[in-house]
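Engineer: Structure file query.cif (mmCIF, C-alpha atoms) is given on the next line.
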data_work
#
loop_
_atom_site.group_PDB
_atom_site.id
_atom_site.type_symbol
_atom_site.label_atom_id
_atom_site.label_comp_id
_atom_site.auth_asym_id
_atom_site.auth_seq_id
_atom_site.Cartn_x
_atom_site.Cartn_y
_atom_site.Cartn_z
ATOM 1 C CA MET A 1 0.000 0.000 0.000
ATOM 2 C CA VAL A 2 1.283 3.477 -0.857
ATOM 3 C CA LYS A 3 2.330 5.440 2.209
ATOM 4 C CA GLY A 4 -0.120 8.204 3.083
ATOM 5 C CA LYS A 5 -3.167 6.589 1.445
ATOM 6 C CA THR A 6 -5.681 4.805 3.607
ATOM 7 C CA SER A 7 -8.284 2.392 2.417
ATOM 8 C CA THR A 8 -11.778 2.381 3.836
ATOM 9 C CA GLY A 9 -12.313 -1.233 2.778
ATOM 10 C CA ARG A 10 -15.740 -2.786 2.907
ATOM 11 C CA ARG A 11 -18.163 -1.011 5.170
ATOM 12 C CA LYS A 12 -21.495 -2.050 6.564
ATOM 13 C CA ILE A 13 -24.290 -0.020 4.975
ATOM 14 C CA GLU A 14 -27.049 1.187 7.262
ATOM 15 C CA MET A 15 -30.380 -0.286 6.159
ATOM 16 C CA LYS A 16 -32.722 2.629 5.552
ATOM 17 C CA GLN A 17 -34.567 3.933 2.515
ATOM 18 C CA VAL A 18 -32.530 6.134 0.188
ATOM 19 C CA GLU A 19 -34.111 9.575 0.348
ATOM 20 C CA CYS A 20 -33.142 10.923 -3.107
ATOM 21 C CA VAL A 21 -35.425 9.418 -5.784
ATOM 22 C CA LYS A 22 -32.697 9.347 -8.445
ATOM 23 C CA ALA A 23 -30.195 7.724 -6.065
ATOM 24 C CA ARG A 24 -32.859 5.201 -5.013
ATOM 25 C CA HIS A 25 -33.374 4.197 -8.663
ATOM 26 C CA VAL A 26 -29.614 3.769 -9.207
ATOM 27 C CA CYS A 27 -29.330 1.719 -6.005
ATOM 28 C CA PHE A 28 -32.246 -0.492 -7.079
ATOM 29 C CA CYS A 29 -30.677 -1.156 -10.497
ATOM 30 C CA LYS A 30 -27.320 -2.130 -8.970
ATOM 31 C CA CYS A 31 -28.821 -4.237 -6.196
ATOM 32 C CA ARG A 32 -31.223 -5.954 -8.597
ATOM 33 C CA GLN A 33 -28.367 -7.091 -10.832
ATOM 34 C CA GLY A 34 -26.399 -8.299 -7.805
ATOM 35 C CA MET A 35 -29.407 -10.179 -6.444
ATOM 36 C CA PHE A 36 -30.035 -11.881 -9.799
ATOM 37 C CA LYS A 37 -26.351 -12.843 -10.032
ATOM 38 C CA LYS A 38 -26.420 -14.359 -6.523
ATOM 39 C CA ALA A 39 -29.604 -16.262 -7.404
ATOM 40 C CA SER A 40 -27.925 -17.655 -10.526
ATOM 41 C CA GLU A 41 -24.879 -18.737 -8.497
ATOM 42 C CA LEU A 42 -27.133 -20.402 -5.896
ATOM 43 C CA SER A 43 -28.961 -22.289 -8.627
ATOM 44 C CA ILE A 44 -25.746 -23.478 -10.270
ATOM 45 C CA LEU A 45 -23.896 -24.406 -7.064
ATOM 46 C CA CYS A 46 -26.777 -26.086 -5.239
ATOM 47 C CA GLY A 47 -28.984 -27.235 -8.120
ATOM 48 C CA VAL A 48 -32.044 -25.396 -6.840
ATOM 49 C CA MET A 49 -35.009 -23.951 -8.688
ATOM 50 C CA ILE A 50 -35.344 -20.246 -8.002
ATOM 51 C CA THR A 51 -37.666 -17.368 -8.907
ATOM 52 C CA ILE A 52 -37.359 -13.723 -7.918
ATOM 53 C CA VAL A 53 -39.927 -11.014 -8.663
ATOM 54 C CA ALA A 54 -39.078 -7.406 -7.827
ATOM 55 C CA PHE A 55 -40.887 -4.154 -8.530
ATOM 56 C CA SER A 56 -38.861 -0.989 -9.109
ATOM 57 C CA PRO A 57 -39.663 2.206 -7.185
ATOM 58 C CA ALA A 58 -41.483 3.308 -10.361
ATOM 59 C CA GLY A 59 -43.602 0.129 -10.308
ATOM 60 C CA ARG A 60 -41.947 -1.747 -13.187
ATOM 61 C CA PRO A 61 -41.788 -5.525 -12.646
ATOM 62 C CA PHE A 62 -38.519 -7.430 -12.999
ATOM 63 C CA SER A 63 -38.190 -11.194 -12.722
ATOM 64 C CA PHE A 64 -35.474 -13.814 -12.741
ATOM 65 C CA SER A 65 -36.117 -17.533 -12.810
ATOM 66 C CA ILE A 66 -34.256 -20.797 -13.281
ATOM 67 C CA PRO A 67 -35.578 -22.959 -14.980
ATOM 68 C CA SER A 68 -38.742 -20.950 -15.797
ATOM 69 C CA PHE A 69 -41.181 -18.847 -13.791
ATOM 70 C CA LYS A 70 -44.116 -21.127 -14.638
ATOM 71 C CA THR A 71 -42.224 -24.299 -13.678
ATOM 72 C CA VAL A 72 -41.079 -22.948 -10.306
ATOM 73 C CA ILE A 73 -44.452 -21.430 -9.360
ATOM 74 C CA ASN A 74 -46.382 -24.565 -10.379
ATOM 75 C CA ARG A 75 -44.018 -26.728 -8.327
ATOM 76 C CA PHE A 76 -44.429 -24.414 -5.322
ATOM 77 C CA LEU A 77 -48.217 -24.433 -5.612
ATOM 78 C CA THR A 78 -48.354 -28.206 -6.096
ATOM 79 C CA LEU A 79 -46.123 -28.945 -3.097
ATOM 80 C CA SER A 80 -48.016 -26.477 -0.908
ATOM 81 C CA GLY A 81 -51.297 -28.249 -1.737
ATOM 82 C CA ARG A 82 -52.810 -25.463 -3.836
ATOM 83 C CA GLY A 83 -52.510 -27.119 -7.252
ATOM 84 C CA PRO A 84 -50.907 -25.800 -10.458
ATOM 85 C CA LEU A 85 -51.946 -22.462 -11.959
ATOM 86 C CA GLU A 86 -53.757 -24.095 -14.900
ATOM 87 C CA PHE A 87 -56.218 -25.742 -12.503
ATOM 88 C CA ARG A 88 -56.842 -22.569 -10.526
ATOM 89 C CA GLY A 89 -58.365 -20.555 -13.372
ATOM 90 C CA PHE A 90 -55.237 -18.571 -14.314
ATOM 91 C CA GLY A 91 -54.599 -20.213 -17.685
ATOM 92 C CA VAL A 92 -50.829 -19.580 -17.632
ATOM 93 C CA LYS A 93 -49.192 -20.406 -20.944
#
Represent the structure from my file as structure tokens, please.
Structural biologist:
Amino acid sequence: MVKGKTSTGRRKIEMKQVECVKARHVCFCKCRQGMFKKASELSILCGVMITIVAFSPAGRPFSFSIPSFKTVINRFLTLSGRGPLEFRGFGVK
């Protein structure tokens, strides 16, 4: 390390809502990509099925799923005793 320069390293971020709307949007975009990357790694390393649905501060939906959203949701509903979406009147294609 160069003498005279100090590194702050990794710091713990206080969990509170970002006040500035523009900064909140930027934070959401960065965190969303990181969350999707971690979900992909979890799926690859552990062989799990995973689905994430997130809504931006502006209300736009974003989703990530391995293998597919329909497959994961139908498996969840079947194992929880609610039955697949097709049999519940949703007609998912």
Engineer: Pick out the closest residue to Lys37 in chain A from this set: A:Ile66, A:Thr8, A:Gly81, A:Glu19. Count only C-alpha atoms.
Structural biologist: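 Among A:Ile66, A:Thr8, A:Gly81, A:Glu19, it is A:Ile66 that comes nearest to Lys37 in chain A.
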Engineer: Ranking A:Leu77, A:Cys29, A:Ile13, A:Leu85 by minimum distance to Phe55 in chain A and counting all atoms listed in the file, which one comes first?
Structural biologist: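 Using all atoms listed in the file, Phe55 in chain A sits closest to A:Cys29.
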Engineer: Take the PyMOL selection byres ((chain A and resi 41-52) around 8), run it mentally on this structure, and tell me the resulting residues as a list in words.
Structural biologist: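 Evaluating the PyMOL selection byres ((chain A and resi 41-52) around 8) on this file yields Phe36, Lys37, Lys38, Ala39, Ser40, Val53, Ala54, Ser63, Phe64, Ser65, Ile66, Pro67, Ser68, Phe69, Val72 and Ile73 of chain A.
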Engineer: Expressed in Å to a single decimal, how great is the separation between CA of Cys20 in chain A and CA of Ala58 in chain A?
Structural biologist: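 Straight-line distance from CA of Cys20 in chain A to CA of Ala58 in chain A works out to 13.4 Å.
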Engineer: Which value, in Å to one decimal, gives the distance between CA of His25 in chain A and CA of Ser56 in chain A?
Structural biologist: 7.6 Å
Engineer: Could you tell me how far CA of Phe62 in chain A sits from CA of Val18 in chain A, in Å to one decimal place?
Structural biologist: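 For CA of Val18 in chain A relative to CA of Phe62 in chain A, the distance reads 19.8 Å.
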Engineer: Which is closer to Arg32 in chain A than all the others in A:Pro84, A:Asn74, A:Pro57, A:Leu79, using all atoms listed in the file?
Structural biologist: A:Pro57
Engineer: Can you sort out range 39-50 of chain A so it carries N, CA and C atoms, written as an mmCIF file, in the frame of the given file?
Structural biologist:
data_model
loop_
_atom_site.group_PDB
_atom_site.id
_atom_site.type_symbol
_atom_site.label_atom_id
_atom_site.label_comp_id
_atom_site.auth_asym_id
_atom_site.auth_seq_id
_atom_site.Cartn_x
_atom_site.Cartn_y
_atom_site.Cartn_z
ATOM 1 N N ALA A 39 -28.600 -15.216 -7.186
ATOM 2 C CA ALA A 39 -29.604 -16.262 -7.404
ATOM 3 C C ALA A 39 -29.111 -17.272 -8.442
ATOM 4 N N SER A 40 -28.470 -16.779 -9.496
ATOM 5 C CA SER A 40 -27.925 -17.655 -10.526
ATOM 6 C C SER A 40 -26.837 -18.550 -9.941
ATOM 7 N N GLU A 41 -25.944 -17.963 -9.133
ATOM 8 C CA GLU A 41 -24.879 -18.737 -8.497
ATOM 9 C C GLU A 41 -25.463 -19.808 -7.574
ATOM 10 N N LEU A 42 -26.484 -19.452 -6.800
ATOM 11 C CA LEU A 42 -27.133 -20.402 -5.896
ATOM 12 C C LEU A 42 -27.730 -21.563 -6.684
ATOM 13 N N SER A 43 -28.361 -21.254 -7.798
ATOM 14 C CA SER A 43 -28.961 -22.289 -8.627
ATOM 15 C C SER A 43 -27.908 -23.230 -9.201
ATOM 16 N N ILE A 44 -26.811 -22.661 -9.668
ATOM 17 C CA ILE A 44 -25.746 -23.478 -10.270
ATOM 18 C C ILE A 44 -25.038 -24.322 -9.210
ATOM 19 N N LEU A 45 -24.663 -23.709 -8.099
ATOM 20 C CA LEU A 45 -23.896 -24.406 -7.064
ATOM 21 C C LEU A 45 -24.712 -25.473 -6.343
ATOM 22 N N CYS A 46 -25.965 -25.181 -6.062
ATOM 23 C CA CYS A 46 -26.777 -26.086 -5.239
ATOM 24 C C CYS A 46 -27.829 -26.846 -6.022
ATOM 25 N N GLY A 47 -28.006 -26.534 -7.299
ATOM 26 C CA GLY A 47 -28.984 -27.235 -8.120
ATOM 27 C C GLY A 47 -30.417 -26.955 -7.718
ATOM 28 N N VAL A 48 -30.693 -25.736 -7.284
ATOM 29 C CA VAL A 48 -32.044 -25.396 -6.840
ATOM 30 C C VAL A 48 -32.806 -24.658 -7.925
ATOM 31 N N MET A 49 -34.127 -24.740 -7.829
ATOM 32 C CA MET A 49 -35.009 -23.951 -8.688
ATOM 33 C C MET A 49 -35.252 -22.637 -7.952
ATOM 34 N N ILE A 50 -35.207 -21.528 -8.671
ATOM 35 C CA ILE A 50 -35.344 -20.246 -8.002
ATOM 36 C C ILE A 50 -36.100 -19.252 -8.867
#
